[in-house]
>>> print(open('start16.txt').read())   # compact mmCIF, C-alpha atoms and all ligand atoms
# COMPACT_ATOMS: atom_id res chain seq x y z
CA MET J 15 103.03 55.67 48.89
CA THR J 16 100.65 56.66 51.67
CA GLU J 17 96.94 57.12 51.00
CA GLN J 18 97.43 60.87 51.06
CA GLN J 19 100.28 60.68 48.55
CA ILE J 20 98.23 58.50 46.24
CA ILE J 21 95.31 60.91 46.30
CA GLU J 22 97.51 63.97 45.85
CA GLY J 23 99.38 62.26 43.05
CA ILE J 24 96.21 61.41 41.15
CA ARG J 25 94.95 64.95 41.59
CA GLN J 26 98.15 66.25 40.05
CA GLY J 27 97.89 63.85 37.14
CA ASP J 28 100.67 61.52 38.26
CA GLU J 29 100.02 58.26 36.47
CA SER J 30 102.13 56.18 38.81
CA ALA J 31 99.88 57.22 41.69
CA PHE J 32 96.81 55.97 39.85
CA ARG J 33 98.61 52.79 39.00
CA GLU J 34 99.44 52.30 42.65
CA LEU J 35 95.80 52.81 43.62
CA VAL J 36 94.64 50.26 41.06
CA ASP J 37 97.28 47.75 42.08
CA GLN J 38 96.53 48.07 45.76
CA TYR J 39 92.76 47.90 45.50
CA GLN J 40 92.24 45.82 42.38
CA GLN J 41 91.30 42.61 44.17
CA MET J 42 89.15 44.35 46.71
CA VAL J 43 87.09 46.16 44.07
CA VAL J 44 86.84 43.18 41.70
CA ASN J 45 85.68 40.92 44.49
CA VAL J 46 83.10 43.23 45.98
CA CYS J 47 81.60 43.66 42.50
CA ASN J 48 81.54 39.89 42.13
CA ARG J 49 79.67 39.64 45.44
CA PHE J 50 76.79 41.47 43.82
CA VAL J 51 76.86 40.50 40.16
CA HIS J 52 77.92 36.89 40.78
CA ASN J 53 79.75 36.65 37.52
CA ARG J 54 83.48 36.86 36.97
CA ASP J 55 83.53 38.67 33.61
CA ASP J 56 80.89 41.18 34.66
CA ALA J 57 82.78 41.81 37.89
CA LEU J 58 86.03 42.48 36.02
CA ASP J 59 84.32 44.87 33.56
CA LEU J 60 82.42 46.64 36.26
CA SER J 61 85.40 47.05 38.55
CA GLN J 62 87.24 48.94 35.80
CA ASP J 63 84.37 51.38 35.60
CA VAL J 64 84.69 51.82 39.36
CA PHE J 65 88.33 52.88 38.99
CA ILE J 66 87.51 55.16 36.08
CA LYS J 67 84.81 56.81 38.16
CA ALA J 68 87.20 57.17 41.07
CA TYR J 69 89.79 58.74 38.78
CA HIS J 70 87.40 61.31 37.39
CA SER J 71 85.85 62.17 40.73
CA ILE J 72 89.05 62.23 42.78
CA ASP J 73 88.39 65.87 43.66
CA ARG J 74 85.24 64.78 45.44
CA PHE J 75 87.18 62.55 47.76
CA ARG J 76 87.34 64.61 50.90
CA GLY J 77 89.82 62.44 52.74
CA THR J 78 87.57 62.10 55.78
CA SER J 79 87.27 58.37 55.15
CA ARG J 80 89.74 55.79 54.01
CA ILE J 81 90.25 55.20 50.29
CA SER J 82 88.92 51.68 50.69
CA THR J 83 85.64 52.94 52.14
CA TRP J 84 85.25 55.35 49.26
CA LEU J 85 86.05 52.70 46.65
CA TYR J 86 83.70 50.23 48.32
CA ARG J 87 80.97 52.79 48.12
CA ILE J 88 81.47 53.46 44.43
CA ALA J 89 81.70 49.73 43.78
CA VAL J 90 78.47 48.96 45.66
CA ASN J 91 76.67 51.74 43.80
CA HIS J 92 77.93 50.58 40.46
CA SER J 93 77.02 46.99 41.20
CA LEU J 94 73.50 47.85 42.29
CA ASN J 95 73.01 49.98 39.17
CA PHE J 96 74.37 47.17 37.05
CA ILE J 97 71.93 44.67 38.55
CA ARG J 98 69.05 47.08 38.06
CA ASP J 99 69.97 47.73 34.42
CA LYS J 100 70.47 44.06 33.77
CA LYS J 101 67.01 43.29 35.09
CA ARG J 102 65.62 45.95 32.76
CA ARG J 103 67.55 44.55 29.82
CA ASN J 104 66.21 41.11 30.57
CA ILE J 105 62.64 42.38 30.67
CA PHE J 106 63.11 44.12 27.34
CA SER J 107 64.75 41.16 25.70
CA SER J 108 61.91 38.90 26.80
CA LEU J 109 59.46 41.49 25.46
CA ASP J 110 61.39 41.41 22.21
CA VAL J 111 60.81 37.71 21.95
CA LEU J 112 57.09 38.19 22.61
CA PHE J 113 56.66 41.00 20.12
CA ASP J 114 59.17 40.21 17.47
CA HIS J 115 59.04 43.14 15.05
CA SER J 116 62.37 42.41 13.43
CA GLY J 117 60.76 40.78 10.39
CA SER J 118 63.64 38.37 10.06
CA SER J 119 63.08 34.81 8.94
CA PRO J 120 62.58 32.12 11.57
CA VAL J 121 65.95 30.66 10.61
CA GLU J 122 67.75 33.96 11.22
CA ARG J 123 65.88 34.39 14.45
CA ALA J 124 66.92 30.97 15.60
CA ALA J 125 70.52 31.82 14.78
CA ASP J 126 70.24 35.05 16.73
CA ASN J 127 68.76 33.24 19.66
CA GLY J 128 71.55 30.73 19.47
CA GLU J 129 74.12 33.47 19.75
CA GLU J 130 72.23 35.06 22.57
CA ALA J 131 72.00 31.77 24.39
CA GLN J 132 75.73 31.34 23.91
CA GLU J 133 76.36 34.80 25.32
CA GLN J 134 74.07 34.05 28.24
CA MET J 135 75.91 30.83 28.92
CA GLU J 136 79.20 32.67 29.03
CA ARG J 137 77.81 35.28 31.36
CA LYS J 138 75.93 32.84 33.50
CA GLU J 139 75.64 33.81 37.10
CA ASN J 140 77.11 31.72 39.83
CA ASN J 141 74.07 29.81 41.07
CA ASN J 142 75.28 29.27 44.58
CA ARG J 143 72.37 28.92 47.00
CA VAL J 144 73.66 31.65 49.26
CA TYR J 145 73.82 34.07 46.33
CA GLN J 146 70.29 33.16 45.27
CA ALA J 147 69.02 33.69 48.78
CA LEU J 148 70.86 37.02 49.03
CA GLU J 149 69.15 38.21 45.87
CA SER J 150 65.78 37.82 47.57
CA LEU J 151 66.70 40.21 50.40
CA PRO J 152 65.78 43.90 50.45
CA LYS J 153 68.63 45.91 48.93
CA LYS J 154 70.06 47.45 52.09
CA GLN J 155 69.96 44.22 54.04
CA ARG J 156 71.69 42.53 51.17
CA VAL J 157 74.43 45.15 51.01
CA ALA J 158 75.01 45.15 54.76
CA LEU J 159 75.13 41.37 55.05
CA THR J 160 77.32 40.92 51.99
CA LEU J 161 79.88 43.41 53.22
CA ASN J 162 79.90 42.06 56.76
CA LYS J 163 79.66 38.32 56.24
CA LEU J 164 81.24 37.73 52.85
CA GLU J 165 83.74 40.60 52.72
CA ASP J 166 84.42 40.37 56.46
CA LEU J 167 84.14 44.10 57.06
CA PRO J 168 83.45 45.26 60.62
CA TYR J 169 80.12 46.96 61.40
CA LYS J 170 81.85 50.32 61.63
CA GLN J 171 83.14 50.22 58.08
CA VAL J 172 79.87 48.85 56.71
CA ALA J 173 78.16 51.78 58.42
CA GLU J 174 80.58 54.23 56.81
CA ILE J 175 80.18 52.73 53.36
CA MET J 176 76.38 52.80 53.61
CA ASP J 177 76.36 56.16 55.35
CA ILE J 178 74.20 54.93 58.22
CA SER J 179 74.80 54.54 61.96
CA VAL J 180 76.53 51.51 63.44
CA SER J 181 73.40 50.51 65.35
CA GLU J 182 71.33 50.69 62.20
CA THR J 183 73.91 48.50 60.50
CA GLY J 184 73.54 45.97 63.30
CA VAL J 185 69.78 45.86 62.89
CA LEU J 186 70.07 45.45 59.11
CA ILE J 187 72.58 42.62 59.44
CA ASN J 188 70.55 40.75 62.06
CA ARG J 189 67.38 40.93 60.02
CA ALA J 190 69.25 39.96 56.89
CA LYS J 191 70.82 36.94 58.58
CA LYS J 192 67.45 35.69 59.83
CA LYS J 193 65.90 36.03 56.40
CA LEU J 194 68.87 34.50 54.65
CA GLN J 195 68.89 31.42 56.88
CA LYS J 196 65.17 30.96 56.46
CA LYS J 197 65.38 31.34 52.69
CA LEU J 198 68.34 28.98 52.47
CA ALA J 199 66.55 26.34 54.52
CA GLU J 200 63.48 26.66 52.26
CA ASN J 201 65.56 26.33 49.10
CA ILE J 202 67.44 23.32 50.42
CA LYS J 203 64.20 21.61 51.45
CA LYS J 204 62.69 22.25 48.01
CA ALA J 205 65.66 20.72 46.22
CA MET H 4 64.54 23.54 70.16
CA LYS H 5 62.41 22.55 67.22
CA CYS H 6 63.95 21.68 63.85
CA LYS H 7 62.61 24.89 62.32
CA GLU H 8 64.33 27.00 64.96
CA ILE H 9 67.54 25.11 64.35
CA HIS H 10 67.37 25.85 60.62
CA THR H 11 67.35 29.60 61.17
CA ARG H 12 70.42 29.46 63.40
CA LEU H 13 72.74 27.34 61.33
CA ILE H 14 74.87 30.07 59.77
CA ASP H 15 75.30 31.76 63.12
CA TYR H 16 76.19 28.37 64.55
CA MET H 17 78.75 27.81 61.79
CA ASP H 18 80.31 31.20 62.46
CA GLY H 19 80.16 30.70 66.23
CA GLU H 20 77.97 33.73 66.69
CA LEU H 21 75.31 32.24 68.98
CA SER H 22 75.39 32.57 72.75
CA ARG H 23 77.27 29.75 74.39
CA ASP H 24 74.05 28.25 75.62
CA GLU H 25 72.44 28.30 72.18
CA GLN H 26 75.58 27.04 70.52
CA GLU H 27 75.45 23.97 72.77
CA ARG H 28 71.77 23.39 72.23
CA VAL H 29 72.16 23.47 68.44
CA GLN H 30 75.08 21.11 68.67
CA LYS H 31 73.08 18.65 70.79
CA HIS H 32 70.14 18.81 68.42
CA LEU H 33 72.37 18.17 65.40
CA GLN H 34 73.81 15.09 67.09
CA GLY H 35 70.39 13.60 67.57
CA CYS H 36 68.60 14.73 64.36
CA PRO H 37 69.75 13.39 60.97
CA ASP H 38 67.43 15.75 59.05
CA CYS H 39 68.95 18.82 60.59
CA ARG H 40 72.41 17.37 60.16
CA GLU H 41 71.80 17.01 56.46
CA MET H 42 70.46 20.55 56.30
CA TYR H 43 73.50 21.76 58.15
CA GLN H 44 75.87 20.05 55.73
CA GLU H 45 74.09 21.49 52.69
CA MET H 46 74.06 24.95 54.18
CA ALA H 47 77.67 24.82 55.27
CA ALA H 48 78.73 23.70 51.79
CA SER H 49 76.92 26.59 50.09
CA TRP H 50 78.09 29.08 52.66
CA ASN H 51 81.73 28.08 52.39
CA GLN H 52 81.53 27.97 48.63
CA ALA H 53 80.15 31.52 48.56
CA ARG H 54 82.80 32.77 50.94
CA GLU H 55 85.55 31.17 48.91
CA ASP H 56 84.25 32.53 45.60
CA ARG H 57 87.09 34.97 45.07
CA ILE H 58 88.76 36.34 41.97
CA SER H 59 92.54 36.32 42.17
CA TYR H 60 94.90 39.19 41.34
CA GLN H 61 94.85 39.92 37.59
CA PRO H 62 98.34 40.72 36.26
CA PHE H 63 97.20 42.65 33.16
CA TYR H 64 94.42 44.49 34.88
CA TYR H 65 96.01 47.92 34.76
CA THR H 66 96.95 47.62 31.08
CA ARG H 67 93.36 46.75 30.22
CA LEU H 68 92.06 49.56 32.36
CA GLN H 69 94.36 52.02 30.63
CA ALA H 70 93.20 50.85 27.22
CA LYS H 71 89.59 51.31 28.28
CA MET H 72 90.26 54.80 29.56
CA GLU H 73 92.01 55.76 26.34
CA ARG H 74 89.09 54.48 24.27
CA GLN H 75 86.69 56.50 26.39
CA ALA H 76 88.80 59.64 26.23
CA GLU H 77 88.95 59.33 22.46
CA ARG H 78 85.19 58.96 22.22
CA TYR H 79 84.68 61.98 24.45
CA SER H 80 87.13 64.13 22.53
CA GLN H 81 85.46 63.27 19.23
CA HIS H 82 82.18 64.14 20.83
CA ALA H 83 83.59 67.41 22.14
CA LEU H 84 85.01 68.24 18.71
CA ARG H 85 81.60 67.72 17.10
CA ARG H 86 80.03 69.92 19.70
CA ALA H 87 82.66 72.59 19.22
CA ARG H 88 82.07 72.53 15.44
CA THR H 89 78.33 72.88 15.86
CA PHE H 90 78.89 75.60 18.36
CA ARG H 91 81.21 77.47 16.01
CA MET H 92 78.73 77.12 13.17
CA LEU H 93 75.98 78.68 15.25
CA LEU H 94 78.12 81.14 17.08
CA GLN H 95 80.05 82.70 14.21
CA PRO H 96 77.05 84.27 12.46
CA ALA H 97 75.73 85.44 15.81
CA LEU H 98 79.11 86.87 16.65
CA PHE H 99 79.21 88.66 13.31
CA PHE H 100 76.04 90.56 14.15
CA VAL H 101 77.19 91.31 17.66
CA VAL H 102 80.46 92.71 16.36
CA LEU H 103 78.61 94.63 13.68
CA GLY H 104 76.25 96.08 16.29
CA LEU H 105 79.14 96.89 18.55
CA GLY H 106 80.96 98.56 15.69
CA ILE H 107 77.98 100.75 14.97
CA PHE H 108 77.53 101.51 18.64
CA ILE H 109 81.20 102.33 19.10
CA GLY H 110 81.16 104.39 15.94
CA ILE H 111 78.32 106.41 17.37
CA GLN H 112 80.09 106.71 20.71
CA LEU H 113 83.32 107.71 18.99
CA GLY H 114 81.39 110.28 17.05
CA LYS H 115 80.46 111.69 20.45
CA GLY H 116 84.14 111.51 21.45
CA LEU H 117 83.75 108.67 23.98
CA GLY H 118 84.98 105.09 24.55
CA ASN H 119 88.06 102.95 24.06
CA THR H 120 87.77 100.12 21.54
CA SER H 121 91.02 98.29 22.24
CA THR H 122 89.62 95.89 24.87
CA VAL H 123 86.63 95.00 22.72
CA ALA H 124 88.89 94.29 19.77
CA ALA H 125 91.13 92.05 21.86
CA GLN H 126 88.16 90.03 23.10
CA THR H 127 86.63 89.46 19.70
CA GLN H 128 89.87 88.36 18.08
CA SER H 129 90.59 85.44 20.37
CA PRO H 130 88.63 82.23 19.80
CA ASP H 131 89.93 80.82 23.12
CA TYR H 132 86.53 80.86 24.73
CA ILE H 133 85.29 78.45 22.10
CA GLU H 134 87.93 75.97 23.19
CA ALA H 135 87.09 76.71 26.81
CA TYR H 136 83.44 76.08 26.15
CA ALA H 137 84.19 72.83 24.37
CA GLU H 138 86.30 71.68 27.26
CA ASP H 139 83.66 72.66 29.74
CA GLN H 140 81.10 70.68 27.77
CA TYR H 141 83.44 67.72 27.79
CA TRP H 142 83.70 67.67 31.55
CA ASN H 143 80.02 68.27 31.98
CA GLY H 144 79.42 65.35 29.68
CA LEU H 145 81.18 63.08 32.13
CA LYS H 146 78.44 62.76 34.62
CA LEU H 147 79.99 61.96 37.95
CA GLU H 148 78.57 59.37 40.24
CA PRO H 149 76.60 60.96 43.03
CA ILE H 150 78.64 59.72 45.95
CA GLU H 151 75.83 60.57 48.31
CA GLN H 152 74.06 57.65 46.77
CA GLU H 153 70.49 57.41 45.71
CA TYR H 154 69.91 54.09 47.43
CA PHE H 155 70.88 55.28 50.83
CA ALA H 156 69.60 58.82 50.42
CA VAL H 157 66.02 57.51 50.40
CA ASP H 158 66.64 56.23 53.85
CA SER H 159 67.75 59.50 55.41
CA ALA H 160 64.61 61.13 53.98
CA ALA H 161 62.55 58.58 55.87
CA VAL H 162 64.49 59.25 59.04
CA SER H 163 64.00 62.98 58.90
CA ASP H 164 60.31 62.64 58.13
CA PRO H 165 58.65 60.50 60.78
CA SER H 166 55.31 60.65 58.96
CA GLN H 167 56.80 58.37 56.35
CA LYS H 168 56.19 54.91 57.63
CA THR H 169 58.62 53.15 55.32
CA ASN H 170 60.67 50.53 57.04
CA ARG H 171 64.19 51.83 57.12
CA TYR H 172 65.60 48.37 57.50
CA GLU H 173 64.05 47.01 54.34
ZN ZN B 1 66.03 18.61 63.68
>>> encode(input="start16.txt", output="C-alpha cells")
Amino acid sequence: MTEQQIIEGIRQGDESAFRELVDQYQQMVVNVCNRFVHNRDDALDLSQDVFIKAYHSIDRFRGTSRISTWLYRIAVNHSLNFIRDKKRRNIFSSLDVLFDHSGSSPVERAADNGEEAQEQMERKENNNRVYQALESLPKKQRVALTLNKLEDLPYKQVAEIMDISVSETGVLINRAKKKLQKKLAENIKKA
Amino acid sequence: MKCKEIHTRLIDYMDGELSRDEQERVQKHLQGCPDCREMYQEMAASWNQAREDRISYQPFYYTRLQAKMERQAERYSQHALRRARTFRMLLQPALFFVVLGLGIFIGIQLGKGLGNTSTVAAQTQSPDYIEAYAEDQYWNGLKLEPIEQEYFAVDSAAVSDPSQKTNRYE
C-alpha cells in the first residue's frame, strides 16, 4: 500500500489499512517515544496512544507532509506531555508523603511504599549519561538534538516535525550540542 | 587547544563533524593527554549506548493496540449512553411542554384556517436527534490532539512579536 492508500483506507474504516500503518511505523514510533521517556514499558504504552490519536485524527492529516513526519510530531507531543505529567505526579506523590492524610497505620503505609518502590523499580528510567544530560536542555533544543542525533533525521525533517525553519533547526541543534557536551563532561568529571 | 575546549568537541569529533583542521587538532591532543582520553572513552561509551538503545519490533503490538482501542471505545460508549439517558430525562419533559405549546398554537392557527401540522408531527415523533446528539457528544468527548502544538506555537508568537525578548532557541 502507498501512503495515500493507507490514509484513504483508514478514512474509509478499512482495518487492514490501519494495521499496515501500525506495522510499518511501529518501531519508529516506539523508539522515538523511548528517546524522550527513557523507559521501555512507558514507551510501548505511550506509542499505542500515538496510534490511537492518529487513528481518530486521520481527517486532520492534510497529506502535505509524509506520514512519518506527522506521526513523529504526535509522538513528540505525547512524549513531552507524558514527561510533564510525570513530573507533576512525582511532585504530588512526594507531597503525599510529606502530608500523609491517609490515616493508615505505619505498617500499611510501609507496605504501600514498598509496592510503590517496586513499581518505581520496574519503571525505572534508563540512567544513561547522555539521557540525563539531554533532560537538562531546554525543551526545543532537546527535541531537535534528539531527532537529529539519536534518530538520525536530517535537518529538513526535524524542521518539518517542529514546524520551524531549517536554519532555526540548525541553530537549535548547534546550541544543544554545545550544552550537551559541556554537561556530559561535567557529569563525567563529577563521577 | 585547552582540555576544556577539547571536552566540548568530543561528540562532534566522534561523529566526524568538526572541520578537518579541528578534527586533527583534537586527535593530536587526545594522543598526548591521558585525562582527555579517559573523558573521550567515557563519553563515547555513553553516546554509543544511547544511540544503540533501541526497542525491537514487537510481534503482538497490533493485537494489544486493538484490545486497548476496544476498551476505550467501550468506555466511551458507556459514557455516551449515560449522557444520552440524562439528556432524555431532561429533554422529555421539556419536549412535552413544547409539543403542548405547539399544539395550542396550531390549534389557534387552525381555528383561523391556517397552517399544516404534518411536518411538525413528523419531527416530534422521531427520536433520531437524541441519538445524533449522543453521537455528537461522543466525538466531542474525544478531544483531539492539537497538531499545531502548544510547545512550538509559543515560539511563532515570539517571532511575530519582536517586543517579546524570549529566546526562541531556548
Ligand atoms: Zn587534555
>>> closest_residue(input="start16.txt", among="J:Tyr145, J:Phe106, J:Tyr169, J:Phe65", to="Trp84 (chain J)", atoms="all atoms listed in the file")
J:Phe65
>>> closest_atom_pairs(input="start16.txt", of="chain H", to="chain J", cutoff="7 Å", atoms="only C-alpha atoms", output="JSON lines")
{"residue": "H:His10", "atom": "CA", "partner": "J:Ala199", "partner_atom": "CA", "distance": 6.2}
{"residue": "H:Thr11", "atom": "CA", "partner": "J:Gln195", "partner_atom": "CA", "distance": 4.9}
{"residue": "H:Arg12", "atom": "CA", "partner": "J:Gln195", "partner_atom": "CA", "distance": 7.0}
{"residue": "H:Ile14", "atom": "CA", "partner": "J:Gln195", "partner_atom": "CA", "distance": 6.8}
{"residue": "H:Ser49", "atom": "CA", "partner": "J:Arg143", "partner_atom": "CA", "distance": 6.0}
{"residue": "H:Trp50", "atom": "CA", "partner": "J:Val144", "partner_atom": "CA", "distance": 6.1}
{"residue": "H:Ala53", "atom": "CA", "partner": "J:Val144", "partner_atom": "CA", "distance": 6.5}
{"residue": "H:Arg54", "atom": "CA", "partner": "J:Leu164", "partner_atom": "CA", "distance": 5.5}
{"residue": "H:Arg57", "atom": "CA", "partner": "J:Asn45", "partner_atom": "CA", "distance": 6.1}
{"residue": "H:Ile58", "atom": "CA", "partner": "J:Asn45", "partner_atom": "CA", "distance": 6.1}
{"residue": "H:Ser59", "atom": "CA", "partner": "J:Gln41", "partner_atom": "CA", "distance": 6.7}
{"residue": "H:Tyr60", "atom": "CA", "partner": "J:Gln41", "partner_atom": "CA", "distance": 5.7}
{"residue": "H:Tyr65", "atom": "CA", "partner": "J:Val36", "partner_atom": "CA", "distance": 6.9}
{"residue": "H:Leu68", "atom": "CA", "partner": "J:Gln62", "partner_atom": "CA", "distance": 6.0}
{"residue": "H:Leu147", "atom": "CA", "partner": "J:Ser71", "partner_atom": "CA", "distance": 6.5}
{"residue": "H:Phe155", "atom": "CA", "partner": "J:Met176", "partner_atom": "CA", "distance": 6.6}
{"residue": "H:Tyr172", "atom": "CA", "partner": "J:Leu186", "partner_atom": "CA", "distance": 5.6}
{"residue": "H:Glu173", "atom": "CA", "partner": "J:Pro152", "partner_atom": "CA", "distance": 5.3}
>>> closest_residue(input="start16.txt", among="J:Leu159, J:Leu85, J:Gly27, J:Ile97", to="Asn53 (chain J)", atoms="all atoms listed in the file")
J:Ile97
>>> atom_distance(input="start16.txt", atom1="CA of Ala70 (chain H)", atom2="CA of Phe96 (chain J)")
21.6 Å
>>> closest_atom_pairs(input="start16.txt", of="chain H", to="ligand ZN 1 (chain B)", cutoff="8 Å", atoms="all atoms listed in the file", output="JSON lines")
{"residue": "H:Lys5", "atom": "CA", "partner": "B:ZN1", "partner_atom": "ZN", "distance": 6.4}
{"residue": "H:Cys6", "atom": "CA", "partner": "B:ZN1", "partner_atom": "ZN", "distance": 3.7}
{"residue": "H:Lys7", "atom": "CA", "partner": "B:ZN1", "partner_atom": "ZN", "distance": 7.3}
{"residue": "H:Ile9", "atom": "CA", "partner": "B:ZN1", "partner_atom": "ZN", "distance": 6.7}
{"residue": "H:His10", "atom": "CA", "partner": "B:ZN1", "partner_atom": "ZN", "distance": 8.0}
{"residue": "H:His32", "atom": "CA", "partner": "B:ZN1", "partner_atom": "ZN", "distance": 6.3}
{"residue": "H:Leu33", "atom": "CA", "partner": "B:ZN1", "partner_atom": "ZN", "distance": 6.6}
{"residue": "H:Gly35", "atom": "CA", "partner": "B:ZN1", "partner_atom": "ZN", "distance": 7.7}
{"residue": "H:Cys36", "atom": "CA", "partner": "B:ZN1", "partner_atom": "ZN", "distance": 4.7}
{"residue": "H:Pro37", "atom": "CA", "partner": "B:ZN1", "partner_atom": "ZN", "distance": 7.0}
{"residue": "H:Asp38", "atom": "CA", "partner": "B:ZN1", "partner_atom": "ZN", "distance": 5.6}
{"residue": "H:Cys39", "atom": "CA", "partner": "B:ZN1", "partner_atom": "ZN", "distance": 4.3}
{"residue": "H:Arg40", "atom": "CA", "partner": "B:ZN1", "partner_atom": "ZN", "distance": 7.4}
